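Take a look at the structure below.
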Amino acid sequence: MKKAGDFVLLEAGQKIRIIYSEKENSAVKCAIQNLAEDIKKVCDCVVEPGNITGRTAQENGPEIIVATMDTPWFSEIMPEAVLPALEKIRDAQGVGRWEAYLHQISDNSFCIIGADRRGTVFGIYDLSEQIGVSPWYFWADVPVRKKKHFAFSNDYSKADWPDVQYRGIFLNDEEELDAWSKIHTKDDTIGPETYAHIFELLLRLKANYIWPAMHVNYFNSNPENGRLAEKMGIVVGTSHCDMLLRSNQNEWTPWLKKKNYENIRYDYSLSGENREIIQEYWAESVEMNRNYEVCYTVGMRGIHDSGFVTEVIDQDTSLTQSERTEKKIHLLEKVISDQREILKEVLGEEKGNNVPQTFIPYKEVLDLYDGGLQVPEDVTLIWVDDNFGYMRRYPGKEEQERKGGNGLYYHASYWASPGMSYLFFNSIPLAQTGNELKKCWESGIRKMWVLNVGALKPLEIDTEFFLRYSWEAGKNTSNTKDVTQFIYRWINRNFSGNFGMDAAEIYNLFAQINNVCKPEHLQSDKFSQNAYGNEAKYRIDILKDLSDRAEKIYQFLPEEEKDAFFELFLMKLQASYYINASFYFADRSRFFWEQGGMQAADSYLEKSRQMDRRKQELLYYYNHLIQDGKWEGILTPESFSPPPTV
């Protein structure tokens with residue numbers, strides 16, 4: 001309801017102009033275009049994007065003014081009355097804060113001001129979310145909340161900026177996303193059409209960074225991928241096994257073939273021509289990406305995420321084990337030194353010295369780092385969890401003081417041997433994740449945070465929680481510090497009916513139960529039926545109750561919201577119950593069979609099969625029926641190797 005003194009931004013039938021400069025960065029213009037479409041979806045307005053050139057007085061209705069503070073045309077477009085408020089997004093030295101934005105009302109204008117290009121973008125998408133467009137409108141089909149009008153109080157002002165500098169995701173073990181892309185895009189793999197949606201999602205979640213898909217293809221294969229990331233404002237990097245923006249698993253062999261190089265191995269211990277060709281391979285990648293805002297991983301591991309290959313050292317029988325380790329350390333230091341020289345040679349001395357660089361002491365590389373490996377001070381160290389949501393290491397006092405700072409690589413999805421992987425859905429409780437992130441921030445891990453999200457769906461809530469936390473990690477008042485409140489607000493923001501608190505209780509207990517044993521890790525007789533008060537029955541009863549409670553929320557929602565609720569919430573509750581119940585009833589059948597109760601054994605066997613059929617029906621519904629088959633191929637846990645969700 002409108003109140004006296006409100007600033008009415010949107011009104012049905014009203015004309016609204018978005019004023020900006022055509023000289024603005026492409027990322028800002030992309031976001032402005034999306035804002036115009038968002039406004040049309042929310043409120044039946046006539047939206048007129050307009051250039052400042054030839055600007056005339058607005059006859060009726062308000063205008064949205066968008067500008068980036070560090071541009072020469074800023075003073076031409078921004079009302080003078082707004083200028084004093086710019087101090088809100090400047091630091092103590094008067095410099096605009098990294099990716100900061102300001103919302104400020106001035107007379108008949110709603111001003112969106114960014115300290116830099118992404119600050120402006122985040123300010124735009126913040127407004128989109130406030131008026132009723134969820135970041136998940138595409139990736140989870142959350143419907144737009146239509147309104148006849150939307151207003152702010154006249155004294156509304158908002159200034160915000162991130163606490164972690166680089167915040168993003170890693171598309172890893174992404175075969176399901178690739179299968180979806182082959183069906184639904186013209187790229188026949190994860191390419192520009194898919195990345196356009198992913199980049200937009202990240203920006204709407206106020207993220208800025210990605211490690212792109214590496215299993216199914218390689219990012220450099222289509223030059224449009226890099227151009228699109230730069231155009232939209234996304235920083236591209238690579239994980240612990242891919243150096244200088246190369247993706248070795250799929251890129252190394254085709255590159256050798258294209259160059260007609262033979263008998264060349266990805267082994268830096270082989271000096272001479274072999275080493276020179278590896279350097280050429282890296283240098284060409286730097287050249288391809290030299291005009292983009294990117295981050296270069298330095299160091300070296302083997303192809304296919306294997307260990308550091310050092311044949312010359314390994315086969316030298318004159319060396320002791322400690323001497324081999326020492327030589328590997330010196331060789332890896334040589335690798336990093338040569339890579340940094342490549343950056344300076346290709347990018348120029350100044351840019352080569354200042355471009356973001358990361359080193360990830362993960363797996364066997366961590367042992368070399370602990371053995372004394374010297375990493376240049378301006379390189380960001382990326383620390384890694386144990387793959388199950390617990391941090392293994394935090395930077396020490398000297399590491400905290402490094403110029404390059406410290407980063408985080410965290411898992412919400414993990415591919416490994418059977419019994420270790422979890423790729424269907426994540427059950428690490430958000431409370432556990434939040435506690436680990438809190439410790440990371442307090443330990444000085446503040447430069448870069450990356451979350452392994454697998455194929456992205458159905459890890460929506462985990463993705464948003466992580467990225468929101470990285471934005472507000474150091475703020476005293478933040479939405480992510482209280483997990484129950486986060487889920488409560490998240491549900492109520494995306495769905496009507498005020499079911500947030502009930503959903504929060506359901507989700508917290510769901511994660512706790514499944515984190516005890518993930519669906520991928522279930523085995524026969526995992527939980528006893530005759531000890532601890534029949535722990536198997538107790539577990540199944542809880543999961544059924546949670547599934548039933550979630551189903552009741554689903555039934556109360558309007559039809560247009562049901563698909564989104566199923567994708568974001570209900571599916572995981574039902575799948576968890578069906579999978580656990582199929583094991584429970586199979587174990588129950590065997591229990592009675594061993595006691596000679598054949599009729600009961602047959603009955604429970606049929607119940608187990610029934611639960612398995614329901615799981616199959618659920619997966620079919622997700623892939624083929626919701627949104628008329630929009631998500632076909634995206635959720636196939638039984639066809640993924642190695643850990644089929646039995």
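Here's how to read the names in the structure tokens: chain A, B, ... by the order shown, residue numbers from 1 in each chain, ligand numbers from 1 in the order shown.
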
Among the residues of region 306-451 of chain A, find those DSSP assigns to helix (DSSP H, G or I) from the backbone and print them as a PyMOL selection string. chain A and resi 311-314+321-347+349-354+364-370+397-400+430-442

Mind running region 199-266 of chain A against region 292-300 of chain A at 8 Å and telling me each contacting residue's nearest atom pair with the distance in Å (one decimal), counting only C-alpha atoms, chain and number ascending, as JSON lines?
```
{"residue": "A:Gly226", "atom": "CA", "partner": "A:Tyr292", "partner_atom": "CA", "distance": 7.5}
{"residue": "A:Arg227", "atom": "CA", "partner": "A:Tyr292", "partner_atom": "CA", "distance": 7.7}
{"residue": "A:Glu230", "atom": "CA", "partner": "A:Tyr292", "partner_atom": "CA", "distance": 5.8}
{"residue": "A:Ile234", "atom": "CA", "partner": "A:Glu293", "partner_atom": "CA", "distance": 7.7}
{"residue": "A:Val235", "atom": "CA", "partner": "A:Val294", "partner_atom": "CA", "distance": 5.0}
{"residue": "A:Val236", "atom": "CA", "partner": "A:Val294", "partner_atom": "CA", "distance": 4.9}
{"residue": "A:Gly237", "atom": "CA", "partner": "A:Cys295", "partner_atom": "CA", "distance": 4.7}
{"residue": "A:Thr238", "atom": "CA", "partner": "A:Thr297", "partner_atom": "CA", "distance": 6.2}
{"residue": "A:Ser239", "atom": "CA", "partner": "A:Thr297", "partner_atom": "CA", "distance": 7.1}
{"residue": "A:His240", "atom": "CA", "partner": "A:Thr297", "partner_atom": "CA", "distance": 7.2}
{"residue": "A:Cys241", "atom": "CA", "partner": "A:Met300", "partner_atom": "CA", "distance": 6.6}
{"residue": "A:Asp242", "atom": "CA", "partner": "A:Thr297", "partner_atom": "CA", "distance": 7.0}
{"residue": "A:Met243", "atom": "CA", "partner": "A:Thr297", "partner_atom": "CA", "distance": 5.0}
{"residue": "A:Leu244", "atom": "CA", "partner": "A:Tyr296", "partner_atom": "CA", "distance": 4.8}
{"residue": "A:Leu245", "atom": "CA", "partner": "A:Tyr296", "partner_atom": "CA", "distance": 6.1}
```

Any idea what the distance is between CA of Tyr166 (chain A) and CA of Glu284 (chain A)?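 Between these atoms lies a distance of 25.1 Å.
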
From the DSSP assignment of the backbone, select every residue of region 300-450 of chain A that is strand (DSSP E), and format the answer as a list of chain:residue names.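 Filtering region 300-450 of chain A to strand (DSSP E) leaves A:Gln357, A:Thr358, A:Phe359, A:Thr380, A:Leu381, A:Ile382, A:Trp383, A:Val384, A:Asn406, A:Gly407, A:Leu408, A:Tyr409, A:Tyr410, A:His411, A:Met448, A:Trp449, A:Val450.
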
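Distances from A:Tyr538, A:Tyr622, A:Tyr218, A:Phe199 to Leu635 (chain A) were compared using only C-alpha atoms, and the smallest one belongs to A:Tyr622.
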
Show which residues sit within 9 Å of Asn435 (chain A), as a ChimeraX atom specification. Count only C-alpha atoms, and ignore same-chain residues fewer than 5 positions away. /A:430,440,481

Hey, what's within 9 Å of Gly119 (chain A) if we count only C-alpha atoms and toss same-chain stuff fewer than 2 positions away? As a list in words, please? Thr68, Arg97, Trp98, Glu99, Ala100, Tyr101, Leu102, Ile113, Gly114, Ala115, Asp116, Arg117, Val121, Phe122, Gly123, Ile124, Asp160 and Trp161 of chain A

What are the closest atom pairs, with distances in Å to one decimal, for each residue of region 341-425 of chain A lying within 9 Å of region 455-469 of chain A, using only C-alpha atoms, rows by chain and rising residue number, as a tab-separated table?
```
residue	atom	partner	partner_atom	distance
A:Ala412	CA	A:Asp462	CA	7.1
A:Ser413	CA	A:Leu459	CA	8.5
A:Leu423	CA	A:Ala455	CA	8.6
A:Phe424	CA	A:Pro458	CA	7.7
A:Phe425	CA	A:Pro458	CA	6.2
```

Between CA of Val8 (chain A) and CA of His149 (chain A), what is the spacing in Å?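 CA of His149 (chain A) sits 7.3 Å away from CA of Val8 (chain A).
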
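Near Tyr554 (chain A), within a cut-off of 8 Å and counting only C-alpha atoms, sit the residues Ala550, Glu551, Lys552, Phe556, Leu557, Lys562, Phe565, Phe566 and Leu570 of chain A, with same-chain residues fewer than 2 positions away left out.
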
Deliver the residues from the most recent selection as a file, using all heavy atoms, as an mmCIF file, in the first residue's frame.
```
data_model
loop_
_atom_site.group_PDB
_atom_site.id
_atom_site.type_symbol
_atom_site.label_atom_id
_atom_site.label_comp_id
_atom_site.auth_asym_id
_atom_site.auth_seq_id
_atom_site.Cartn_x
_atom_site.Cartn_y
_atom_site.Cartn_z
ATOM 1 N N ALA A 550 6.990 -31.099 4.003
ATOM 2 C CA ALA A 550 7.339 -30.322 2.806
ATOM 3 C C ALA A 550 6.249 -30.449 1.743
ATOM 4 O O ALA A 550 5.931 -29.481 1.044
ATOM 5 C CB ALA A 550 8.679 -30.797 2.250
ATOM 6 N N GLU A 551 5.670 -31.636 1.623
ATOM 7 C CA GLU A 551 4.580 -31.849 0.667
ATOM 8 C C GLU A 551 3.366 -30.972 1.005
ATOM 9 O O GLU A 551 2.700 -30.439 0.104
ATOM 10 C CB GLU A 551 4.177 -33.326 0.667
ATOM 11 C CG GLU A 551 2.961 -33.672 -0.175
ATOM 12 C CD GLU A 551 3.214 -33.579 -1.667
ATOM 13 O OE1 GLU A 551 4.386 -33.724 -2.074
ATOM 14 O OE2 GLU A 551 2.241 -33.369 -2.412
ATOM 15 N N LYS A 552 3.083 -30.788 2.284
ATOM 16 C CA LYS A 552 1.954 -29.943 2.684
ATOM 17 C C LYS A 552 2.184 -28.494 2.259
ATOM 18 O O LYS A 552 1.258 -27.818 1.801
ATOM 19 C CB LYS A 552 1.753 -30.029 4.196
ATOM 20 C CG LYS A 552 1.151 -31.338 4.667
ATOM 21 C CD LYS A 552 0.967 -31.349 6.183
ATOM 22 C CE LYS A 552 0.387 -32.680 6.650
ATOM 23 N NZ LYS A 552 0.227 -32.731 8.126
ATOM 24 N N PHE A 556 -0.118 -26.152 -0.566
ATOM 25 C CA PHE A 556 -0.717 -24.856 -0.258
ATOM 26 C C PHE A 556 -0.252 -23.743 -1.198
ATOM 27 O O PHE A 556 -0.869 -22.680 -1.258
ATOM 28 C CB PHE A 556 -0.400 -24.449 1.184
ATOM 29 C CG PHE A 556 -1.341 -25.030 2.195
ATOM 30 C CD1 PHE A 556 -0.916 -26.018 3.073
ATOM 31 C CD2 PHE A 556 -2.663 -24.598 2.266
ATOM 32 C CE1 PHE A 556 -1.784 -26.561 4.008
ATOM 33 C CE2 PHE A 556 -3.537 -25.141 3.194
ATOM 34 C CZ PHE A 556 -3.102 -26.129 4.076
ATOM 35 N N LEU A 557 0.838 -23.959 -1.930
ATOM 36 C CA LEU A 557 1.367 -22.912 -2.802
ATOM 37 C C LEU A 557 0.507 -22.753 -4.052
ATOM 38 O O LEU A 557 -0.098 -23.720 -4.526
ATOM 39 C CB LEU A 557 2.804 -23.258 -3.219
ATOM 40 C CG LEU A 557 3.866 -23.224 -2.122
ATOM 41 C CD1 LEU A 557 5.193 -23.725 -2.677
ATOM 42 C CD2 LEU A 557 4.032 -21.827 -1.539
ATOM 43 N N LYS A 562 4.727 -23.947 -7.712
ATOM 44 C CA LYS A 562 4.973 -25.335 -7.305
ATOM 45 C C LYS A 562 6.220 -25.931 -7.949
ATOM 46 O O LYS A 562 6.979 -26.659 -7.298
ATOM 47 C CB LYS A 562 3.742 -26.188 -7.605
ATOM 48 C CG LYS A 562 2.606 -25.940 -6.622
ATOM 49 C CD LYS A 562 1.426 -26.868 -6.859
ATOM 50 C CE LYS A 562 0.369 -26.659 -5.767
ATOM 51 N NZ LYS A 562 -0.809 -27.537 -5.960
ATOM 52 N N PHE A 565 9.267 -24.655 -6.098
ATOM 53 C CA PHE A 565 9.401 -25.242 -4.760
ATOM 54 C C PHE A 565 9.859 -26.687 -4.849
ATOM 55 O O PHE A 565 10.671 -27.139 -4.032
ATOM 56 C CB PHE A 565 8.071 -25.148 -4.009
ATOM 57 C CG PHE A 565 8.167 -25.569 -2.574
ATOM 58 C CD1 PHE A 565 8.709 -24.712 -1.622
ATOM 59 C CD2 PHE A 565 7.730 -26.819 -2.167
ATOM 60 C CE1 PHE A 565 8.811 -25.103 -0.284
ATOM 61 C CE2 PHE A 565 7.828 -27.218 -0.837
ATOM 62 C CZ PHE A 565 8.368 -26.354 0.108
ATOM 63 N N PHE A 566 9.355 -27.406 -5.836
ATOM 64 C CA PHE A 566 9.797 -28.793 -6.031
ATOM 65 C C PHE A 566 11.291 -28.838 -6.330
ATOM 66 O O PHE A 566 12.029 -29.644 -5.757
ATOM 67 C CB PHE A 566 9.006 -29.437 -7.168
ATOM 68 C CG PHE A 566 9.399 -30.860 -7.447
ATOM 69 C CD1 PHE A 566 8.941 -31.891 -6.649
ATOM 70 C CD2 PHE A 566 10.231 -31.172 -8.513
ATOM 71 C CE1 PHE A 566 9.310 -33.207 -6.896
ATOM 72 C CE2 PHE A 566 10.604 -32.475 -8.776
ATOM 73 C CZ PHE A 566 10.142 -33.503 -7.960
ATOM 74 N N LEU A 570 11.398 -29.475 -2.253
ATOM 75 C CA LEU A 570 10.675 -30.725 -2.037
ATOM 76 C C LEU A 570 11.385 -31.941 -2.603
ATOM 77 O O LEU A 570 11.406 -33.005 -1.971
ATOM 78 C CB LEU A 570 9.272 -30.610 -2.643
ATOM 79 C CG LEU A 570 8.371 -31.848 -2.518
ATOM 80 C CD1 LEU A 570 8.139 -32.215 -1.059
ATOM 81 C CD2 LEU A 570 7.038 -31.599 -3.230
#
```

Need to verify the contact set: Phe170 (chain A), 10 Å, only C-alpha atoms, exclusion of same-chain residues closer than 2 positions in sequence. Can you return it as a PyMOL selection string? chain A and resi 168+172-174+209-214+237-239+409-411+413+450-456

Å distance separating CA of Phe510 (chain A) from CA of Trp441 (chain A), one decimal place: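 We find that CA of Phe510 (chain A) and CA of Trp441 (chain A) lie 27.0 Å from each other.
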
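Of the residues under consideration (A:Thr477, A:Asn217, A:His103, A:Lys206), A:Asn217 shows the shortest atom-to-atom contact distance to Asp178 (chain A) when counting only C-alpha atoms.
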
Of the candidates A:Leu177, A:Leu373, A:Ile342, A:Cys45, which one gets nearest to Thr636 (chain A) if we count only C-alpha atoms? A:Leu177

Applying 12 Å and only C-alpha atoms, which residues near Glu37 (chain A) remain after dropping the ones on its own chain fewer than 4 positions away? List them as a PyMOL selection string. chain A and resi 18+30-33+41-49+125+128+133+144
